[in-house]
Protein chains: 4
Amino acid sequence: MSRLIRDLAGGSAEMLEIFGDAAIVKHALAFEAALAEAQAAEGLLSRDEASRIAIACAQLPLDTEVLAIEAAHAGTLAIPLVAHLRRTMGDESLRRKIHLGATSQDVADTALMLQAKGGAALITREVERLQTALALLAERMAATPALGRTLMQSALPITFGLKAANWLAGIDDASARFRRECENALVLQLGGAAGTRAGLGGKGAVIAAHMARLLGISNSPLPWQARRGNIAGLAASLAILVGAAAKIARDISLLAQNEIAEVFEPRAVGRGGSSIMAHKRNPIGCQIVLSAATRVPGLAAAMLSALPQEQERGLGGWQAEAPVLADLFILCHGALKTLAVVIEGLEVDAARMAHNLAAANVGLDVGESEALVKRLLAARKGQA
Amino acid sequence: MSRLIRDLAGGSAEMLEIFGDAAIVKHALAFEAALAEAQAAEGLLSRDEASRIAIACAQLPLDTEVLAIEAAHAGTLAIPLVAHLRRTMGDESLRRKIHLGATSQDVADTALMLQAKGGAALITREVERLQTALALLAERMAATPALGRTLMQSALPITFGLKAANWLAGIDDASARFRRECENALVLQLGGAAGTRAGLGGKGAVIAAHMARLLGISNSPLPWQARRGNIAGLAASLAILVGAAAKIARDISLLAQNEIAEVFEPRAVGRGGSSIMAHKRNPIGCQIVLSAATRVPGLAAAMLSALPQEQERGLGGWQAEAPVLADLFILCHGALKTLAVVIEGLEVDAARMAHNLAAANVGLDVGESEALVKRLLAARKGQA
Amino acid sequence: MSRLIRDLAGGSAEMLEIFGDAAIVKHALAFEAALAEAQAAEGLLSRDEASRIAIACAQLPLDTEVLAIEAAHAGTLAIPLVAHLRRTMGDESLRRKIHLGATSQDVADTALMLQAKGGAALITREVERLQTALALLAERMAATPALGRTLMQSALPITFGLKAANWLAGIDDASARFRRECENALVLQLGGAAGTRAGLGGKGAVIAAHMARLLGISNSPLPWQARRGNIAGLAASLAILVGAAAKIARDISLLAQNEIAEVFEPRAVGRGGSSIMAHKRNPIGCQIVLSAATRVPGLAAAMLSALPQEQERGLGGWQAEAPVLADLFILCHGALKTLAVVIEGLEVDAARMAHNLAAANVGLDVGESEALVKRLLAARKGQA
Amino acid sequence: MSRLIRDLAGGSAEMLEIFGDAAIVKHALAFEAALAEAQAAEGLLSRDEASRIAIACAQLPLDTEVLAIEAAHAGTLAIPLVAHLRRTMGDESLRRKIHLGATSQDVADTALMLQAKGGAALITREVERLQTALALLAERMAATPALGRTLMQSALPITFGLKAANWLAGIDDASARFRRECENALVLQLGGAAGTRAGLGGKGAVIAAHMARLLGISNSPLPWQARRGNIAGLAASLAILVGAAAKIARDISLLAQNEIAEVFEPRAVGRGGSSIMAHKRNPIGCQIVLSAATRVPGLAAAMLSALPQEQERGLGGWQAEAPVLADLFILCHGALKTLAVVIEGLEVDAARMAHNLAAANVGLDVGESEALVKRLLAARKGQA
């Protein structure tokens, strides 16, 4: 994808690296090395053989351009990758011990989950930054009166801190779901050709557990090559996290309208200008978040559509998942990172809030706004 | 919706009743009665007033046809419903004590969650029935050899029990997610006009907790009128549950092809015939499940699209959720109920499996199939 | 579906009737009668037999409740319907001449297209009403200055008529697409059991053409039982029509915000009120349209997902289409009808527009706004 | 996006170039040069100024990496691009004449439509190749008997040519829709800051018409910056085209099952193998097409969701469209190109078809199969 388009959509270099070619290949080779080591521990191959495979994995010279063409032709990455690996081995008998008992999808799925693990760490970092900024905002503004608005009309008084608390609670809920779905989905895949773990000398469970430890990923009783619900759950949780961010962006873009003018994105030289109107201050951060929110529901729907996969390993379903999951991670990270900056530097005009509230002529009773904020913040501290 | 269309899609009368007019009105009136009782406990109104409101709620004569027209005109159900309630009260001061501190969306959201609670019970019943049938199938067929198929081609041997175990694990995962999302989402909504709980005499938290107990639903620190991630999560979990069922239906429909003929839906007089071909035995159960799976991703996407709702209460977003969530419950229940019957009566032709396996000429090594089945069944017993 | 939910979503009684049970049965029986008549014209059965079948179709006493249960059991409507028809015939040989050469999906698809034809007429009526109201508004306000807003910020002057002209052009484009897609999709289906028109004595083409004339629907060279792109195109065109309406609703809801207050939905007693805030005037019309726009993309996506249907007649794909298409027609009609009322009675406060424009301090140059309006209106007259 | 993922999904280098950075910048600069030339023709600037702007556009040295960062910061490409252009001009007065009367979205939308035009040419080329191959197949196999299959069960005889004719008709319909939607959507965008064409000296219509001729794109009476239905229609047409291709891929994957074995993808060394099973011949072409079909409905839904854009220019909606439309073009092209190769080299085993048909014991009456094929082919010749 074009860098211009990607960067405008909030794509960060670090997340793109996580879902980049070098990372896939690195994870795929780590899979092969871990497989050999775990098999050596169970006596399927010798320690020396495992070491030589690990060294070959570490040293394999690869041209990803060439590999991409070969993979596209073969229909899967593992075939040419394993062929390259084998070619570096002088020893015919050792060649046969690479990728022993594994199949292409084992490599592809495990590599994808290792990418997702890296992506989850980046997202968690931005979530935490955003949560900190929102909690501060909620606390600081807990008692600041503002006009509540419902169905796009002036309603009754609130405090701005209550609004921020609701934003925070939305991120809290969505990030808790994301964590749970990561726990469910970030699991080693090792099934072999038909998902039976044939060719592992009856030691499949032990080998899988060992590999999972080596790769720093979870294990499960059954391989999951045709059971994709957990990946779909992860995808949905990313879409909901983007939605929780976009709810905040929607509100800020409404409150920043010139006739309302209660909050503003932080000023940054050269950001939010117009190519033609010098006076403008466009909410570009909100734009990126709302744009991501326009795209993610369809991406999540694609993952849900892929679920009824055929037999022991489907055709076309799981192959559609990797690029879609990558897009979800990229968009979610871009949205959260952008929004964290917006919230950290959010300009709040409490005087204007008071003015708009007075103009609405709906009194000053903010109900239990402040208590609600405090209860949420206390509940969060209790959990932390 | 037409009964013909609805029933063909697997809609059950009991789920339709749960999401029917009478149920909404019943839950809405239960909300008003619980509100009055909880407020009486805190001294906002007298015990006698609360009783008279409860009686009025219980006895309100309602024509849902008329109410539907009035609600459509008003834009919300609560306005005409509360007006009808008030009209039954002779006492002007009592009239003002109905719906005190609540707003339309409080009623609508809480009623929807009470409907969802009823729907969840029906779904859980079918999930359990399906799990039982699948566990029996997996156990019974744990060692029955069959041909594994990958990318729509013959691969290597499996046991049919391993396939059933994978089906079961998919339903297990999806139903665990559904339970979690129910716990998160099935929460009382009580925020008042702008979500501040103004007008509850500072007793909002206690009143909400009391109402939640009375209504048999959870409570949360903050009202959630503009924070819809948990409803979206519930929607996604329903779609994933349907997807897990459809994976099974996809496999059965493939295995039931005449040239493969390894499994068949149970025979039922008048089911699966053709209007023109007497010899046909169409997998109608699979059809219903696969048809549901075609529809649910878009429904879940609609819920995700609705997330960036405006300010304290949005316009058009949450109003789209009730019919979509109802469709998801109806389709999910229909799919599970249909599939449970299919699995309970599934005809398995082990001889044909052996024949097809032999014809594929891929040996008889089923790897660790049986052990994988046993490990899953043991892990499930450990959890139960 | 519950009436309360349906009516709140803008469902009209007339569109619901078009997609109701009685209509399906009526169209299905019309199909059988037309088939008999067209076959009689080609000598496949006698005039007398065709007449007796037509009379049986006209007089068939049916309990749709019972029929729905039977159809759900059989997996298709035509099987029990044809069985009921046959039972009314004393004559065994005549019984066999009903439904001759046709199959269930022929009946189901043709009936759905006849429903769609009825639905299209209702939608066209509302489109024309909306176009008339928008053209008047554009013409009347062609020179009325207002503040243009971009990226949710004040931009430069426009005229309100230019905004209305853009709204109108959006509806024009979308309704032209809808008309084209109706022309493509509203086509008789007659393929027989495997889509070969076997059993029609080699007269399939003539019989199909005759039936299409009798039923008032188009014909095509090939039956289309597994070629569903035109139905998907129709679905997408309905979603785009809703989107064009929702663009208008979005703008009105933004302009009606209290701090902007430039346009308002027409006043109607009891509409747009709050159950708790007497001062509110909620844009309920916009709510209905925006709510529909939240739902239709997922419905259209379901139709797109259904396209890769299996072989001569798929399993689960086309069976998902009828309820989804019905929802699209119902939501589109409700949105257009609601919006037409809003535009016909739209209150425009030109003085407030002038005030907001002056406050924005961006001058008064409305560029070619008026000329653009005139050019659009002239181009429309040229086409009419 | 990673090359490995992209190439596995069928992404072609030529389509990726069309939607690449260099192409966007080229089109954006072509926009600025055409604007200057058209304005010079109307006397808004001198011939000499227009020439100097054109030369500057042609010679601008650009680092797309830097530009991407700047554009992401500014929120739009045109701001840094125009700034770079201006910096190359010594003359202050000339600087101000660049981008005169235009705005960022004018550049972005027109560049996107020029990309789409390039993409449409590539797609049309593959469509035609596919149509030719399908027409040949239909003609050649018009009378070849095969077993028809409905609801995943053996039905009645067809000819294989009739199946191919249905495939062809699906591609015909979908490509006709795609052409129409291209005609509607591939339109110059020139509205200026608020869509009024202010700053063009009242010559907006003439300038737009002139620019459209220069850029080789259509023109329309009104600019369309907030009227996105035609782009959504284009997106839907791409999704339907993929769906028509995927219907073919679904059928081939079903017919290539080992137990059926009637058709096969063409053999290619190293394609369709397994990393572990030497005997396999996976239908990789079908995999790519079916994988694309899993992804495109959600992409089309995102475009539909973006329709209700705010006011004169929205926030987040249109900014989401470019990457989604690019993905649709890339996936559609990859699917068609892959399928064309499959159909051109499709191995058809007519003897096996006869064998399977005989085994089904459903007679040999293929009805009007051959006549239907001929009628379609004749109708196509009539139109060509």
# chains A, B, ... in the order shown; residues from 1 in each chain; ligands from 1
>>> closest_atom_pairs(of="chain D", to="chain C", cutoff="6 Å", atoms="only C-alpha atoms", output="CSV")
residue,atom,partner,partner_atom,distance
D:Gly148,CA,C:Ala194,CA,5.7
D:Arg149,CA,C:Glu312,CA,5.6
D:Thr150,CA,C:Arg313,CA,4.5
D:Leu151,CA,C:Leu315,CA,4.5
D:Leu156,CA,C:Ala194,CA,5.8
D:Gly170,CA,C:Arg227,CA,5.8
D:Ala194,CA,C:Gly148,CA,5.7
D:Thr196,CA,C:Ser369,CA,5.0
D:Arg197,CA,C:Gly367,CA,5.6
D:Ala198,CA,C:Gly367,CA,3.6
D:Arg227,CA,C:Gly170,CA,5.8
D:Gly229,CA,C:Ile240,CA,5.9
D:Ile240,CA,C:Gly229,CA,5.9
D:Gly243,CA,C:Leu307,CA,5.1
D:Ala246,CA,C:Pro308,CA,5.1
D:Lys247,CA,C:Pro308,CA,3.8
D:Asp251,CA,C:Gln311,CA,5.4
D:Pro297,CA,C:Ala301,CA,4.8
D:Ala301,CA,C:Pro297,CA,4.8
D:Leu304,CA,C:Pro297,CA,5.4
D:Ser305,CA,C:Pro297,CA,5.9
D:Leu307,CA,C:Gly243,CA,5.1
D:Pro308,CA,C:Lys247,CA,3.8
D:Gln309,CA,C:Lys247,CA,5.7
D:Glu310,CA,C:Asp251,CA,5.9
D:Gln311,CA,C:Asp251,CA,5.4
D:Glu312,CA,C:Thr150,CA,5.4
D:Arg313,CA,C:Thr150,CA,4.5
D:Gly314,CA,C:Leu151,CA,5.0
D:Leu315,CA,C:Leu151,CA,4.5
D:Gly367,CA,C:Ala198,CA,3.6
D:Glu368,CA,C:Thr196,CA,5.4
D:Ser369,CA,C:Thr196,CA,5.0
>>> residues_around(residues="segment 2-7 of chain B", least_positions_apart="6", cutoff="7 Å", atoms="only C-alpha atoms", output="MDAnalysis selection string")
chainID C and resid 19:21 68:69 72 323
>>> atom_distance(atom1="atom CA of Glu37 of chain D", atom2="atom CA of Leu188 of chain D")
15.2 Å
>>> residues_around(residues="Gly11 of chain C", least_positions_apart="3", cutoff="8 Å", atoms="only C-alpha atoms", output="JSON, numbers by chain")
{"C": [6, 7, 8, 15, 16, 330, 331, 333, 334]}
>>> write_last_selection(atoms="N, CA and C atoms", output="PDB file, in the first residue's frame")
ATOM      1  N   ARG C   6     -40.178  -2.163  14.747  1.00  0.00           N
ATOM      2  CA  ARG C   6     -40.313  -1.935  13.314  1.00  0.00           C
ATOM      3  C   ARG C   6     -40.834  -0.528  13.024  1.00  0.00           C
ATOM      4  N   ASP C   7     -41.853  -0.119  13.735  1.00  0.00           N
ATOM      5  CA  ASP C   7     -42.425   1.193  13.483  1.00  0.00           C
ATOM      6  C   ASP C   7     -41.459   2.297  13.904  1.00  0.00           C
ATOM      7  N   LEU C   8     -40.763   2.087  15.012  1.00  0.00           N
ATOM      8  CA  LEU C   8     -39.774   3.074  15.432  1.00  0.00           C
ATOM      9  C   LEU C   8     -38.685   3.239  14.377  1.00  0.00           C
ATOM     10  N   MET C  15     -45.301  -1.007   2.922  1.00  0.00           N
ATOM     11  CA  MET C  15     -44.130  -1.781   2.503  1.00  0.00           C
ATOM     12  C   MET C  15     -44.117  -3.134   3.214  1.00  0.00           C
ATOM     13  N   LEU C  16     -44.552  -3.134   4.457  1.00  0.00           N
ATOM     14  CA  LEU C  16     -44.595  -4.404   5.180  1.00  0.00           C
ATOM     15  C   LEU C  16     -45.595  -5.360   4.558  1.00  0.00           C
ATOM     16  N   ILE C 330     -37.614  -2.126   3.211  1.00  0.00           N
ATOM     17  CA  ILE C 330     -38.382  -1.520   4.306  1.00  0.00           C
ATOM     18  C   ILE C 330     -37.627  -0.317   4.883  1.00  0.00           C
ATOM     19  N   LEU C 331     -36.333  -0.481   5.125  1.00  0.00           N
ATOM     20  CA  LEU C 331     -35.557   0.621   5.698  1.00  0.00           C
ATOM     21  C   LEU C 331     -35.430   1.784   4.723  1.00  0.00           C
ATOM     22  N   HIS C 333     -37.475   2.612   2.250  1.00  0.00           N
ATOM     23  CA  HIS C 333     -38.763   3.295   2.122  1.00  0.00           C
ATOM     24  C   HIS C 333     -39.043   4.154   3.352  1.00  0.00           C
ATOM     25  N   GLY C 334     -38.807   3.588   4.519  1.00  0.00           N
ATOM     26  CA  GLY C 334     -39.048   4.345   5.750  1.00  0.00           C
ATOM     27  C   GLY C 334     -38.185   5.595   5.803  1.00  0.00           C
TER      28      GLY C 334
END
>>> select_by_dssp(residues="segment 25-237 of chain A", states="alpha helix (DSSP H)", output="JSON, numbers by chain")
{"A": [25, 26, 27, 28, 29, 30, 31, 32, 33, 34, 35, 36, 37, 38, 39, 40, 41, 47, 48, 49, 50, 51, 52, 53, 54, 55, 56, 57, 58, 59, 64, 65, 66, 67, 68, 69, 70, 71, 72, 73, 74, 78, 79, 80, 81, 82, 83, 84, 85, 86, 87, 92, 93, 94, 95, 104, 105, 106, 107, 108, 109, 110, 111, 112, 113, 114, 115, 116, 117, 118, 119, 120, 121, 122, 123, 124, 125, 126, 127, 128, 129, 130, 131, 132, 133, 134, 135, 136, 137, 138, 139, 140, 160, 161, 162, 163, 164, 165, 166, 167, 168, 169, 170, 171, 172, 173, 174, 175, 176, 177, 178, 179, 180, 181, 182, 183, 184, 185, 204, 205, 206, 207, 208, 209, 210, 211, 212, 213, 214, 215, 229, 230, 231, 232, 233, 234, 235, 236, 237]}
>>> closest_residue(among="D:Ala354, D:Ala28, D:Leu339, D:Ala278", to="Ala111 of chain D", atoms="only C-alpha atoms")
D:Ala28
>>> residues_around(residues="Ile79 of chain C", least_positions_apart="2", cutoff="12 Å", atoms="only C-alpha atoms", output="PyMOL selection string")
(chain B and resi 270-278) or (chain C and resi 28+67-77+81-86+98-99+102-108)
>>> residues_around(residues="Ile207 of chain A", least_positions_apart="2", cutoff="8 Å", atoms="only C-alpha atoms", output="PyMOL selection string")
chain A and resi 35+38-39+42+203-205+209-211
>>> residues_around(residues="Glu259 of chain B", least_positions_apart="6", cutoff="9 Å", atoms="only C-alpha atoms", output="list in words")
Ser154, Glu259, Ile260, Asn356 and Ala360 of chain D
>>> atom_distance(atom1="atom CA of Ala13 of chain D", atom2="atom CA of Gly118 of chain A")
28.6 Å
>>> atom_distance(atom1="atom CA of Val187 of chain B", atom2="atom CA of Ala78 of chain B")
18.7 Å
>>> residues_around(residues="Leu130 of chain A", least_positions_apart="4", cutoff="9 Å", atoms="only C-alpha atoms", output="mmCIF file with all heavy atoms, in the first residue's frame")
data_model
loop_
_atom_site.group_PDB
_atom_site.id
_atom_site.type_symbol
_atom_site.label_atom_id
_atom_site.label_comp_id
_atom_site.auth_asym_id
_atom_site.auth_seq_id
_atom_site.Cartn_x
_atom_site.Cartn_y
_atom_site.Cartn_z
ATOM 1 N N ARG A 125 0.431 -0.171 24.956
ATOM 2 C CA ARG A 125 1.170 1.032 25.346
ATOM 3 C C ARG A 125 0.342 2.292 25.082
ATOM 4 O O ARG A 125 0.245 3.175 25.944
ATOM 5 C CB ARG A 125 2.470 1.086 24.531
ATOM 6 C CG ARG A 125 3.494 2.049 25.054
ATOM 7 C CD ARG A 125 4.736 2.028 24.158
ATOM 8 N NE ARG A 125 4.407 2.548 22.835
ATOM 9 C CZ ARG A 125 5.181 2.416 21.745
ATOM 10 N NH1 ARG A 125 6.317 1.730 21.822
ATOM 11 N NH2 ARG A 125 4.815 2.933 20.600
ATOM 12 N N GLU A 126 -0.291 2.362 23.917
ATOM 13 C CA GLU A 126 -1.086 3.556 23.609
ATOM 14 C C GLU A 126 -2.370 3.596 24.423
ATOM 15 O O GLU A 126 -2.839 4.666 24.808
ATOM 16 C CB GLU A 126 -1.408 3.610 22.103
ATOM 17 C CG GLU A 126 -0.198 3.699 21.202
ATOM 18 C CD GLU A 126 0.725 4.868 21.524
ATOM 19 O OE1 GLU A 126 0.236 5.956 21.899
ATOM 20 O OE2 GLU A 126 1.957 4.685 21.428
ATOM 21 N N LEU A 134 -6.949 10.357 29.989
ATOM 22 C CA LEU A 134 -8.394 10.496 30.226
ATOM 23 C C LEU A 134 -8.709 10.541 31.715
ATOM 24 O O LEU A 134 -9.593 11.296 32.144
ATOM 25 C CB LEU A 134 -9.149 9.341 29.556
ATOM 26 C CG LEU A 134 -9.241 9.396 28.029
ATOM 27 C CD1 LEU A 134 -9.754 8.075 27.475
ATOM 28 C CD2 LEU A 134 -10.151 10.553 27.582
ATOM 29 N N ALA A 135 -8.002 9.738 32.493
ATOM 30 C CA ALA A 135 -8.257 9.727 33.938
ATOM 31 C C ALA A 135 -7.906 11.090 34.539
ATOM 32 O O ALA A 135 -8.644 11.629 35.383
ATOM 33 C CB ALA A 135 -7.451 8.615 34.615
ATOM 34 N N LEU A 168 -13.383 7.370 29.208
ATOM 35 C CA LEU A 168 -12.416 6.469 29.841
ATOM 36 C C LEU A 168 -13.020 5.073 30.054
ATOM 37 O O LEU A 168 -12.380 4.054 29.769
ATOM 38 C CB LEU A 168 -11.984 7.069 31.187
ATOM 39 C CG LEU A 168 -11.090 6.220 32.081
ATOM 40 C CD1 LEU A 168 -9.791 5.845 31.376
ATOM 41 C CD2 LEU A 168 -10.777 6.984 33.382
ATOM 42 N N ILE A 171 -12.970 3.119 26.906
ATOM 43 C CA ILE A 171 -11.638 2.574 26.586
ATOM 44 C C ILE A 171 -11.299 1.426 27.544
ATOM 45 O O ILE A 171 -10.739 0.397 27.125
ATOM 46 C CB ILE A 171 -10.569 3.700 26.647
ATOM 47 C CG1 ILE A 171 -10.849 4.781 25.591
ATOM 48 C CG2 ILE A 171 -9.161 3.116 26.486
ATOM 49 C CD1 ILE A 171 -10.671 4.333 24.157
ATOM 50 N N LEU A 336 -5.398 5.030 18.201
ATOM 51 C CA LEU A 336 -5.133 5.230 19.633
ATOM 52 C C LEU A 336 -3.968 6.192 19.849
ATOM 53 O O LEU A 336 -4.028 7.061 20.721
ATOM 54 C CB LEU A 336 -4.817 3.887 20.293
ATOM 55 C CG LEU A 336 -5.991 2.917 20.388
ATOM 56 C CD1 LEU A 336 -5.502 1.552 20.850
ATOM 57 C CD2 LEU A 336 -7.068 3.449 21.341
ATOM 58 N N LYS A 337 -2.943 6.021 19.047
ATOM 59 C CA LYS A 337 -1.755 6.875 19.178
ATOM 60 C C LYS A 337 -2.123 8.327 18.873
ATOM 61 O O LYS A 337 -1.710 9.252 19.582
ATOM 62 C CB LYS A 337 -0.696 6.362 18.190
ATOM 63 C CG LYS A 337 0.649 6.979 18.370
ATOM 64 C CD LYS A 337 1.676 6.227 17.519
ATOM 65 C CE LYS A 337 3.037 6.899 17.690
ATOM 66 N NZ LYS A 337 4.106 6.079 17.114
ATOM 67 N N LEU A 339 -5.126 9.648 19.066
ATOM 68 C CA LEU A 339 -6.049 10.169 20.073
ATOM 69 C C LEU A 339 -5.331 10.467 21.381
ATOM 70 O O LEU A 339 -5.671 11.433 22.080
ATOM 71 C CB LEU A 339 -7.188 9.166 20.303
ATOM 72 C CG LEU A 339 -8.305 9.660 21.207
ATOM 73 C CD1 LEU A 339 -8.994 10.898 20.615
ATOM 74 C CD2 LEU A 339 -9.343 8.569 21.441
ATOM 75 N N ALA A 340 -4.338 9.663 21.730
ATOM 76 C CA ALA A 340 -3.599 9.927 22.976
ATOM 77 C C ALA A 340 -2.975 11.319 22.933
ATOM 78 O O ALA A 340 -3.048 12.073 23.912
ATOM 79 C CB ALA A 340 -2.532 8.854 23.196
ATOM 80 N N VAL A 341 -2.407 11.664 21.786
ATOM 81 C CA VAL A 341 -1.821 13.002 21.647
ATOM 82 C C VAL A 341 -2.898 14.077 21.790
ATOM 83 O O VAL A 341 -2.695 15.105 22.442
ATOM 84 C CB VAL A 341 -1.107 13.128 20.278
ATOM 85 C CG1 VAL A 341 -0.651 14.563 20.032
ATOM 86 C CG2 VAL A 341 0.061 12.162 20.208
ATOM 87 N N ILE A 343 -5.755 13.918 23.443
ATOM 88 C CA ILE A 343 -6.262 14.041 24.817
ATOM 89 C C ILE A 343 -5.198 14.651 25.729
ATOM 90 O O ILE A 343 -5.499 15.493 26.580
ATOM 91 C CB ILE A 343 -6.724 12.662 25.358
ATOM 92 C CG1 ILE A 343 -7.867 12.109 24.501
ATOM 93 C CG2 ILE A 343 -7.160 12.769 26.821
ATOM 94 C CD1 ILE A 343 -9.123 12.928 24.508
ATOM 95 N N GLU A 344 -3.974 14.227 25.549
ATOM 96 C CA GLU A 344 -2.899 14.786 26.387
ATOM 97 C C GLU A 344 -2.803 16.300 26.252
ATOM 98 O O GLU A 344 -2.507 17.002 27.211
ATOM 99 C CB GLU A 344 -1.559 14.143 26.007
ATOM 100 C CG GLU A 344 -1.410 12.716 26.523
ATOM 101 C CD GLU A 344 -0.194 11.995 25.954
ATOM 102 O OE1 GLU A 344 0.446 12.536 25.039
ATOM 103 O OE2 GLU A 344 0.094 10.873 26.417
#
>>> decode(residues="segment 223-227 of chain A", atoms="all heavy atoms", output="PDB file, in the first residue's frame")
ATOM      1  N   PRO A 223      -4.922 -28.246  18.156  1.00  0.00           N
ATOM      2  CA  PRO A 223      -4.583 -27.259  17.131  1.00  0.00           C
ATOM      3  C   PRO A 223      -5.872 -26.637  16.580  1.00  0.00           C
ATOM      4  O   PRO A 223      -6.954 -27.203  16.729  1.00  0.00           O
ATOM      5  CB  PRO A 223      -3.844 -28.067  16.070  1.00  0.00           C
ATOM      6  CG  PRO A 223      -4.136 -29.503  16.345  1.00  0.00           C
ATOM      7  CD  PRO A 223      -4.508 -29.607  17.794  1.00  0.00           C
ATOM      8  N   TRP A 224      -5.748 -25.488  15.955  1.00  0.00           N
ATOM      9  CA  TRP A 224      -6.958 -24.701  15.635  1.00  0.00           C
ATOM     10  C   TRP A 224      -7.013 -24.285  14.161  1.00  0.00           C
ATOM     11  O   TRP A 224      -7.664 -23.292  13.823  1.00  0.00           O
ATOM     12  CB  TRP A 224      -7.014 -23.468  16.543  1.00  0.00           C
ATOM     13  CG  TRP A 224      -5.732 -22.682  16.625  1.00  0.00           C
ATOM     14  CD1 TRP A 224      -4.667 -22.958  17.437  1.00  0.00           C
ATOM     15  CD2 TRP A 224      -5.378 -21.519  15.866  1.00  0.00           C
ATOM     16  NE1 TRP A 224      -3.669 -22.026  17.222  1.00  0.00           N
ATOM     17  CE2 TRP A 224      -4.080 -21.135  16.275  1.00  0.00           C
ATOM     18  CE3 TRP A 224      -6.028 -20.751  14.897  1.00  0.00           C
ATOM     19  CZ2 TRP A 224      -3.417 -20.020  15.743  1.00  0.00           C
ATOM     20  CZ3 TRP A 224      -5.382 -19.652  14.364  1.00  0.00           C
ATOM     21  CH2 TRP A 224      -4.086 -19.301  14.788  1.00  0.00           C
ATOM     22  N   GLN A 225      -6.406 -25.079  13.278  1.00  0.00           N
ATOM     23  CA  GLN A 225      -6.284 -24.650  11.883  1.00  0.00           C
ATOM     24  C   GLN A 225      -7.628 -24.381  11.190  1.00  0.00           C
ATOM     25  O   GLN A 225      -7.692 -23.566  10.277  1.00  0.00           O
ATOM     26  CB  GLN A 225      -5.440 -25.633  11.075  1.00  0.00           C
ATOM     27  CG  GLN A 225      -6.015 -27.021  10.898  1.00  0.00           C
ATOM     28  CD  GLN A 225      -5.743 -27.909  12.112  1.00  0.00           C
ATOM     29  OE1 GLN A 225      -4.833 -27.658  12.897  1.00  0.00           O
ATOM     30  NE2 GLN A 225      -6.559 -28.922  12.276  1.00  0.00           N
ATOM     31  N   ALA A 226      -8.687 -25.011  11.618  1.00  0.00           N
ATOM     32  CA  ALA A 226      -9.988 -24.755  10.982  1.00  0.00           C
ATOM     33  C   ALA A 226     -11.001 -24.215  11.991  1.00  0.00           C
ATOM     34  O   ALA A 226     -12.196 -24.235  11.747  1.00  0.00           O
ATOM     35  CB  ALA A 226     -10.517 -26.029  10.322  1.00  0.00           C
ATOM     36  N   ARG A 227     -10.501 -23.734  13.118  1.00  0.00           N
ATOM     37  CA  ARG A 227     -11.383 -23.228  14.190  1.00  0.00           C
ATOM     38  C   ARG A 227     -10.940 -21.800  14.452  1.00  0.00           C
ATOM     39  O   ARG A 227     -10.072 -21.529  15.258  1.00  0.00           O
ATOM     40  CB  ARG A 227     -11.163 -24.092  15.428  1.00  0.00           C
ATOM     41  CG  ARG A 227     -12.321 -24.146  16.365  1.00  0.00           C
ATOM     42  CD  ARG A 227     -12.064 -25.134  17.474  1.00  0.00           C
ATOM     43  NE  ARG A 227     -11.015 -24.680  18.352  1.00  0.00           N
ATOM     44  CZ  ARG A 227      -9.847 -25.281  18.564  1.00  0.00           C
ATOM     45  NH1 ARG A 227      -9.580 -26.428  17.970  1.00  0.00           N
ATOM     46  NH2 ARG A 227      -8.961 -24.770  19.364  1.00  0.00           N
TER      47      ARG A 227
END
